[in-house]
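Beneath this line is the structure, given in structure tokens, with notes to follow.
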Amino acid sequence: MANGIYKKFKEGLMNKEFDLDTDTINVALLSTGYTANLNTDTTYAASGAQARQIVTAALAGKNITSTPGTFIASDHTFSSVAAGSTVVQIVLYHSAGDLIAYFDTDAGGAISIPTNGGDVVVDWNASGIFTL
């Protein structure tokens with residue numbers, strides 16, 4: 001799979017179902033076993049992503065830049081993440097459960113962060129999380 005935005009979320013944006021800078025948007029760290037389908041997956045629970053969840057939290061500092069229409073948020077630190085898993089995927093989803101975006105790679109390649117009881121930091125790209 002590759003990083004991307006879920007199709008159903010794009011449709012929801014066009015129908016004014018989401019407001020990224022005011023709605024609660026969650027970020028979840030996932031282990032292996034979830035195979036994202038950006039065309040058909042619609043909700044976090046139904047997709048199987050929730051079964052692979054290591055930890056989740058609400059994003060802070062959300063905003064939309066006016067040019068070129070980029071979603072940004074503050075970096076997030078997950079404190080004291082339980083040991084014994086490996087983060088290989090990151091999913092953004094709306095508080096109502098609608099899937100937004102999927103990530104399995106970063107600037108360094110495939111995501112692979114072993115958890116050891118310490119913090120896990122999601123350091124978003126300085127140019128934004130995604131652009132429409």
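Going through the structure tokens in order, the chains are called A, B, and so on, while each chain numbers its residues from 1 and the ligands are numbered from 1 in the order shown.
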Shell of 10 Å around region 57-65 of chain A, only C-alpha atoms, local chain residues under 6 positions omitted, as a ChimeraX atom specification: /A:19-29,71-78,92-95,127-128,130-131
Emit the selected residues as a JSON list (two decimals), in the first residue's frame, including N, CA, C and O atoms.
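Contents of the output file out-v9.json:
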[["chain", "number", "residue", "atom", "x", "y", "z"],
["A", 19, "ASP", "N", -15.32, 19.05, 8.62],
["A", 19, "ASP", "CA", -14.64, 20.34, 8.78],
["A", 19, "ASP", "C", -13.34, 20.02, 9.52],
["A", 19, "ASP", "O", -13.32, 19.90, 10.75],
["A", 20, "LEU", "N", -12.28, 19.85, 8.77],
["A", 20, "LEU", "CA", -11.02, 19.35, 9.33],
["A", 20, "LEU", "C", -10.44, 20.21, 10.45],
["A", 20, "LEU", "O", -9.84, 19.67, 11.37],
["A", 21, "ASP", "N", -10.62, 21.52, 10.39],
["A", 21, "ASP", "CA", -9.99, 22.32, 11.43],
["A", 21, "ASP", "C", -10.84, 22.48, 12.69],
["A", 21, "ASP", "O", -10.33, 22.89, 13.72],
["A", 22, "THR", "N", -12.13, 22.10, 12.64],
["A", 22, "THR", "CA", -12.96, 22.19, 13.85],
["A", 22, "THR", "C", -13.44, 20.83, 14.37],
["A", 22, "THR", "O", -13.68, 20.69, 15.57],
["A", 23, "ASP", "N", -13.60, 19.84, 13.51],
["A", 23, "ASP", "CA", -14.02, 18.51, 13.96],
["A", 23, "ASP", "C", -12.87, 17.82, 14.71],
["A", 23, "ASP", "O", -11.70, 18.15, 14.53],
["A", 24, "THR", "N", -13.22, 16.84, 15.53],
["A", 24, "THR", "CA", -12.19, 16.04, 16.19],
["A", 24, "THR", "C", -11.64, 15.03, 15.20],
["A", 24, "THR", "O", -12.39, 14.22, 14.64],
["A", 25, "ILE", "N", -10.34, 15.12, 14.96],
["A", 25, "ILE", "CA", -9.64, 14.21, 14.05],
["A", 25, "ILE", "C", -8.66, 13.41, 14.88],
["A", 25, "ILE", "O", -7.85, 13.98, 15.62],
["A", 26, "ASN", "N", -8.74, 12.10, 14.78],
["A", 26, "ASN", "CA", -7.89, 11.22, 15.57],
["A", 26, "ASN", "C", -6.76, 10.65, 14.72],
["A", 26, "ASN", "O", -6.90, 10.46, 13.52],
["A", 27, "VAL", "N", -5.65, 10.37, 15.40],
["A", 27, "VAL", "CA", -4.52, 9.70, 14.77],
["A", 27, "VAL", "C", -4.32, 8.39, 15.52],
["A", 27, "VAL", "O", -4.33, 8.36, 16.75],
["A", 28, "ALA", "N", -4.19, 7.29, 14.77],
["A", 28, "ALA", "CA", -4.00, 5.97, 15.38],
["A", 28, "ALA", "C", -2.71, 5.35, 14.88],
["A", 28, "ALA", "O", -2.40, 5.42, 13.68],
["A", 29, "LEU", "N", -1.98, 4.76, 15.78],
["A", 29, "LEU", "CA", -0.80, 3.98, 15.43],
["A", 29, "LEU", "C", -1.23, 2.54, 15.33],
["A", 29, "LEU", "O", -1.88, 2.01, 16.23],
["A", 71, "PHE", "N", -3.73, 20.32, 4.75],
["A", 71, "PHE", "CA", -4.13, 20.06, 6.13],
["A", 71, "PHE", "C", -2.87, 19.92, 6.97],
["A", 71, "PHE", "O", -1.98, 19.15, 6.64],
["A", 72, "ILE", "N", -2.83, 20.69, 8.06],
["A", 72, "ILE", "CA", -1.69, 20.62, 8.97],
["A", 72, "ILE", "C", -2.20, 20.38, 10.39],
["A", 72, "ILE", "O", -3.37, 20.61, 10.69],
["A", 73, "ALA", "N", -1.33, 19.91, 11.24],
["A", 73, "ALA", "CA", -1.63, 19.73, 12.66],
["A", 73, "ALA", "C", -0.31, 19.69, 13.42],
["A", 73, "ALA", "O", 0.75, 19.50, 12.82],
["A", 74, "SER", "N", -0.41, 19.87, 14.71],
["A", 74, "SER", "CA", 0.79, 19.79, 15.55],
["A", 74, "SER", "C", 1.33, 18.37, 15.57],
["A", 74, "SER", "O", 0.55, 17.40, 15.47],
["A", 75, "ASP", "N", 2.64, 18.25, 15.70],
["A", 75, "ASP", "CA", 3.22, 16.93, 15.92],
["A", 75, "ASP", "C", 2.60, 16.35, 17.19],
["A", 75, "ASP", "O", 2.14, 17.10, 18.06],
["A", 76, "HIS", "N", 2.56, 15.04, 17.30],
["A", 76, "HIS", "CA", 1.92, 14.43, 18.46],
["A", 76, "HIS", "C", 2.85, 13.42, 19.13],
["A", 76, "HIS", "O", 3.46, 12.59, 18.45],
["A", 77, "THR", "N", 2.93, 13.51, 20.44],
["A", 77, "THR", "CA", 3.70, 12.55, 21.23],
["A", 77, "THR", "C", 2.75, 11.61, 21.96],
["A", 77, "THR", "O", 1.92, 12.07, 22.75],
["A", 78, "PHE", "N", 2.86, 10.34, 21.66],
["A", 78, "PHE", "CA", 2.13, 9.31, 22.41],
["A", 78, "PHE", "C", 3.04, 8.91, 23.56],
["A", 78, "PHE", "O", 4.13, 8.37, 23.33],
["A", 92, "LEU", "N", -5.47, 8.39, 10.03],
["A", 92, "LEU", "CA", -6.28, 9.51, 10.53],
["A", 92, "LEU", "C", -7.74, 9.15, 10.32],
["A", 92, "LEU", "O", -8.11, 8.63, 9.26],
["A", 93, "TYR", "N", -8.56, 9.42, 11.33],
["A", 93, "TYR", "CA", -9.98, 9.17, 11.18],
["A", 93, "TYR", "C", -10.78, 10.20, 11.98],
["A", 93, "TYR", "O", -10.32, 10.76, 12.96],
["A", 94, "HIS", "N", -11.99, 10.46, 11.51],
["A", 94, "HIS", "CA", -12.91, 11.41, 12.12],
["A", 94, "HIS", "C", -13.47, 10.80, 13.39],
["A", 94, "HIS", "O", -13.60, 9.57, 13.50],
["A", 95, "SER", "N", -13.87, 11.64, 14.34],
["A", 95, "SER", "CA", -14.41, 11.13, 15.61],
["A", 95, "SER", "C", -15.64, 10.25, 15.41],
["A", 95, "SER", "O", -15.93, 9.39, 16.23],
["A", 127, "SER", "N", 5.68, 20.52, 5.50],
["A", 127, "SER", "CA", 4.84, 21.08, 4.44],
["A", 127, "SER", "C", 3.37, 20.69, 4.60],
["A", 127, "SER", "O", 2.53, 21.14, 3.83],
["A", 128, "GLY", "N", 3.06, 19.85, 5.61],
["A", 128, "GLY", "CA", 1.67, 19.49, 5.87],
["A", 128, "GLY", "C", 1.46, 17.99, 5.89],
["A", 128, "GLY", "O", 2.33, 17.22, 5.47],
["A", 130, "PHE", "N", -1.39, 16.39, 4.44],
["A", 130, "PHE", "CA", -1.78, 16.07, 3.07],
["A", 130, "PHE", "C", -2.35, 17.31, 2.39],
["A", 130, "PHE", "O", -2.76, 18.26, 3.05],
["A", 131, "THR", "N", -2.32, 17.29, 1.06],
["A", 131, "THR", "CA", -2.83, 18.38, 0.26],
["A", 131, "THR", "C", -3.87, 17.85, -0.70],
["A", 131, "THR", "O", -3.70, 16.78, -1.27]]
Residues of chain A in strand (DSSP E), written as number ranges by chain: A: 4-5, 25-30, 53-58, 63-64, 70-72, 76-78, 86-87, 89-94, 99-103, 105-106, 109-110, 113-114, 120-122, 130-131
Got time to write the residues from that selection, N, CA and C atoms, as a CSV table (one decimal), in the first residue's frame?
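This is the output file out06.csv:
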chain,number,residue,atom,x,y,z
A,4,GLY,N,-2.1,7.7,1.4
A,4,GLY,CA,-3.1,8.2,0.5
A,4,GLY,C,-4.3,8.6,1.4
A,5,ILE,N,-5.3,9.2,0.7
A,5,ILE,CA,-6.6,9.7,1.3
A,5,ILE,C,-7.7,8.7,0.8
A,25,ILE,N,-10.3,15.1,15.0
A,25,ILE,CA,-9.6,14.2,14.1
A,25,ILE,C,-8.7,13.4,14.9
A,26,ASN,N,-8.7,12.1,14.8
A,26,ASN,CA,-7.9,11.2,15.6
A,26,ASN,C,-6.8,10.7,14.7
A,27,VAL,N,-5.7,10.4,15.4
A,27,VAL,CA,-4.5,9.7,14.8
A,27,VAL,C,-4.3,8.4,15.5
A,28,ALA,N,-4.2,7.3,14.8
A,28,ALA,CA,-4.0,6.0,15.4
A,28,ALA,C,-2.7,5.4,14.9
A,29,LEU,N,-2.0,4.8,15.8
A,29,LEU,CA,-0.8,4.0,15.4
A,29,LEU,C,-1.2,2.5,15.3
A,30,LEU,N,-0.9,1.9,14.2
A,30,LEU,CA,-1.3,0.5,14.0
A,30,LEU,C,-0.1,-0.4,13.8
A,53,GLN,N,-5.0,-1.5,16.3
A,53,GLN,CA,-4.6,-0.3,17.0
A,53,GLN,C,-3.7,-0.5,18.1
A,54,ILE,N,-2.6,0.2,18.2
A,54,ILE,CA,-1.7,0.2,19.4
A,54,ILE,C,-2.2,1.3,20.3
A,55,VAL,N,-2.4,2.5,19.8
A,55,VAL,CA,-2.9,3.6,20.6
A,55,VAL,C,-3.5,4.7,19.7
A,56,THR,N,-4.4,5.5,20.2
A,56,THR,CA,-5.0,6.6,19.4
A,56,THR,C,-5.1,7.8,20.2
A,57,ALA,N,-5.2,9.0,19.6
A,57,ALA,CA,-5.4,10.3,20.3
A,57,ALA,C,-5.9,11.3,19.3
A,58,ALA,N,-6.5,12.4,19.8
A,58,ALA,CA,-7.0,13.4,19.0
A,58,ALA,C,-5.9,14.4,18.5
A,63,ASN,N,-5.3,22.9,11.2
A,63,ASN,CA,-5.6,24.1,10.4
A,63,ASN,C,-5.5,23.7,8.9
A,64,ILE,N,-6.1,24.5,8.1
A,64,ILE,CA,-6.0,24.4,6.6
A,64,ILE,C,-5.3,25.6,6.1
A,70,THR,N,-3.7,22.7,2.1
A,70,THR,CA,-3.0,21.7,2.9
A,70,THR,C,-3.5,21.6,4.3
A,71,PHE,N,-3.7,20.3,4.7
A,71,PHE,CA,-4.1,20.1,6.1
A,71,PHE,C,-2.9,19.9,7.0
A,72,ILE,N,-2.8,20.7,8.1
A,72,ILE,CA,-1.7,20.6,9.0
A,72,ILE,C,-2.2,20.4,10.4
A,76,HIS,N,2.6,15.0,17.3
A,76,HIS,CA,1.9,14.4,18.5
A,76,HIS,C,2.8,13.4,19.1
A,77,THR,N,2.9,13.5,20.4
A,77,THR,CA,3.7,12.5,21.2
A,77,THR,C,2.8,11.6,22.0
A,78,PHE,N,2.9,10.3,21.7
A,78,PHE,CA,2.1,9.3,22.4
A,78,PHE,C,3.0,8.9,23.6
A,86,THR,N,5.0,-3.2,17.1
A,86,THR,CA,5.7,-2.4,16.1
A,86,THR,C,4.7,-1.5,15.3
A,87,VAL,N,4.9,-0.2,15.4
A,87,VAL,CA,4.1,0.7,14.6
A,87,VAL,C,4.5,0.6,13.1
A,89,GLN,N,1.9,1.5,10.6
A,89,GLN,CA,0.9,2.2,9.8
A,89,GLN,C,0.4,3.3,10.7
A,90,ILE,N,0.0,4.4,10.1
A,90,ILE,CA,-0.7,5.5,10.8
A,90,ILE,C,-2.0,5.8,10.1
A,91,VAL,N,-3.1,6.0,10.8
A,91,VAL,CA,-4.3,6.3,10.2
A,91,VAL,C,-4.9,7.5,10.8
A,92,LEU,N,-5.5,8.4,10.0
A,92,LEU,CA,-6.3,9.5,10.5
A,92,LEU,C,-7.7,9.2,10.3
A,93,TYR,N,-8.6,9.4,11.3
A,93,TYR,CA,-10.0,9.2,11.2
A,93,TYR,C,-10.8,10.2,12.0
A,94,HIS,N,-12.0,10.5,11.5
A,94,HIS,CA,-12.9,11.4,12.1
A,94,HIS,C,-13.5,10.8,13.4
A,99,LEU,N,-12.9,7.1,8.0
A,99,LEU,CA,-11.4,7.1,7.7
A,99,LEU,C,-11.1,8.3,6.8
A,100,ILE,N,-9.9,8.9,7.1
A,100,ILE,CA,-9.5,10.1,6.4
A,100,ILE,C,-8.2,9.8,5.5
A,101,ALA,N,-7.1,9.4,6.2
A,101,ALA,CA,-5.9,9.2,5.5
A,101,ALA,C,-5.1,8.1,6.1
A,102,TYR,N,-4.2,7.5,5.2
A,102,TYR,CA,-3.4,6.3,5.6
A,102,TYR,C,-2.0,6.6,5.3
A,103,PHE,N,-1.1,6.2,6.2
A,103,PHE,CA,0.3,6.3,6.0
A,103,PHE,C,1.1,5.0,6.4
A,105,THR,N,4.5,4.9,5.0
A,105,THR,CA,5.9,5.3,4.7
A,105,THR,C,6.1,6.8,5.2
A,106,ASP,N,7.3,7.1,5.5
A,106,ASP,CA,7.7,8.5,5.8
A,106,ASP,C,8.9,8.8,5.0
A,109,GLY,N,11.4,6.0,4.5
A,109,GLY,CA,10.9,4.8,3.9
A,109,GLY,C,9.8,4.2,4.7
A,110,ALA,N,9.7,2.9,4.8
A,110,ALA,CA,8.6,2.2,5.5
A,110,ALA,C,8.6,2.5,6.9
A,113,ILE,N,8.4,1.3,13.9
A,113,ILE,CA,8.8,1.8,15.2
A,113,ILE,C,8.5,0.8,16.2
A,114,PRO,N,9.4,0.1,16.7
A,114,PRO,CA,9.2,-0.9,17.8
A,114,PRO,C,8.8,-0.1,19.1
A,120,VAL,N,6.3,7.6,21.6
A,120,VAL,CA,6.3,7.5,20.1
A,120,VAL,C,5.9,8.9,19.6
A,121,VAL,N,6.7,9.5,18.8
A,121,VAL,CA,6.4,10.8,18.3
A,121,VAL,C,6.0,10.7,16.8
A,122,VAL,N,4.9,11.3,16.5
A,122,VAL,CA,4.4,11.5,15.1
A,122,VAL,C,4.8,12.9,14.7
A,130,PHE,N,-1.4,16.4,4.4
A,130,PHE,CA,-1.8,16.1,3.1
A,130,PHE,C,-2.3,17.3,2.4
A,131,THR,N,-2.3,17.3,1.1
A,131,THR,CA,-2.8,18.4,0.3
A,131,THR,C,-3.9,17.9,-0.7
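For the choices A:Ser112, A:Ala2, A:Trp124, A:Val88, the atom-to-atom distance to Gly33 (chain A) is smallest for A:Val88 when using only C-alpha atoms.
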Those in region 17-128 of chain A with helix (DSSP H, G or I) from DSSP, as number ranges by chain: A: 44-47, 50-52
Would you put the residues from that selection into a file with all heavy atoms, as an mmCIF file, in the first residue's frame?
data_model
loop_
_atom_site.group_PDB
_atom_site.id
_atom_site.type_symbol
_atom_site.label_atom_id
_atom_site.label_comp_id
_atom_site.auth_asym_id
_atom_site.auth_seq_id
_atom_site.Cartn_x
_atom_site.Cartn_y
_atom_site.Cartn_z
ATOM 1 N N TYR A 44 -13.413 3.331 10.420
ATOM 2 C CA TYR A 44 -12.288 2.811 11.186
ATOM 3 C C TYR A 44 -12.574 1.415 11.747
ATOM 4 O O TYR A 44 -11.794 0.498 11.559
ATOM 5 C CB TYR A 44 -11.961 3.807 12.300
ATOM 6 C CG TYR A 44 -10.728 3.481 13.086
ATOM 7 C CD1 TYR A 44 -9.485 3.438 12.485
ATOM 8 C CD2 TYR A 44 -10.804 3.254 14.449
ATOM 9 C CE1 TYR A 44 -8.340 3.157 13.215
ATOM 10 C CE2 TYR A 44 -9.671 2.978 15.195
ATOM 11 C CZ TYR A 44 -8.440 2.933 14.572
ATOM 12 O OH TYR A 44 -7.311 2.655 15.303
ATOM 13 N N ALA A 45 -13.703 1.244 12.409
ATOM 14 C CA ALA A 45 -14.027 -0.041 13.025
ATOM 15 C C ALA A 45 -14.260 -1.137 11.988
ATOM 16 O O ALA A 45 -13.765 -2.246 12.121
ATOM 17 C CB ALA A 45 -15.248 0.098 13.924
ATOM 18 N N ALA A 46 -14.999 -0.835 10.934
ATOM 19 C CA ALA A 46 -15.342 -1.850 9.932
ATOM 20 C C ALA A 46 -14.150 -2.262 9.077
ATOM 21 O O ALA A 46 -14.126 -3.357 8.536
ATOM 22 C CB ALA A 46 -16.463 -1.338 9.033
ATOM 23 N N SER A 47 -13.143 -1.410 8.957
ATOM 24 C CA SER A 47 -12.000 -1.694 8.084
ATOM 25 C C SER A 47 -11.051 -2.736 8.658
ATOM 26 O O SER A 47 -10.246 -3.304 7.947
ATOM 27 C CB SER A 47 -11.205 -0.415 7.820
ATOM 28 O OG SER A 47 -10.571 0.012 9.016
ATOM 29 N N GLN A 50 -9.066 -0.855 13.505
ATOM 30 C CA GLN A 50 -9.212 -0.762 14.953
ATOM 31 C C GLN A 50 -8.637 -1.995 15.647
ATOM 32 O O GLN A 50 -8.067 -1.903 16.729
ATOM 33 C CB GLN A 50 -10.677 -0.569 15.316
ATOM 34 C CG GLN A 50 -10.889 -0.195 16.753
ATOM 35 C CD GLN A 50 -12.322 0.231 17.015
ATOM 36 O OE1 GLN A 50 -13.241 -0.142 16.305
ATOM 37 N NE2 GLN A 50 -12.510 1.023 18.043
ATOM 38 N N ALA A 51 -8.743 -3.148 15.011
ATOM 39 C CA ALA A 51 -8.208 -4.380 15.591
ATOM 40 C C ALA A 51 -6.686 -4.344 15.669
ATOM 41 O O ALA A 51 -6.095 -5.079 16.453
ATOM 42 C CB ALA A 51 -8.655 -5.580 14.771
ATOM 43 N N ARG A 52 -6.048 -3.510 14.879
ATOM 44 C CA ARG A 52 -4.581 -3.402 14.841
ATOM 45 C C ARG A 52 -4.073 -2.192 15.599
ATOM 46 O O ARG A 52 -2.907 -1.882 15.588
ATOM 47 C CB ARG A 52 -4.105 -3.331 13.381
ATOM 48 C CG ARG A 52 -4.546 -4.513 12.566
ATOM 49 C CD ARG A 52 -4.012 -5.781 13.160
ATOM 50 N NE ARG A 52 -4.558 -6.941 12.479
ATOM 51 C CZ ARG A 52 -4.546 -8.157 13.000
ATOM 52 N NH1 ARG A 52 -4.046 -8.362 14.192
ATOM 53 N NH2 ARG A 52 -5.040 -9.166 12.340
#
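Distance-wise, CA of Asp98 (chain A) and CA of Phe9 (chain A) end up 7.1 Å apart.
Going from CA of Lys16 (chain A) over to CA of Leu132 (chain A), you cover 14.7 Å.
For the pair CA of Thr42 (chain A) and CA of Tyr6 (chain A), the separation is 7.4 Å.
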Proximity to Asn37 (chain A) - best of A:Lys8, A:Phe18, A:Gly69, A:Ile129, only C-alpha atoms: A:Lys8
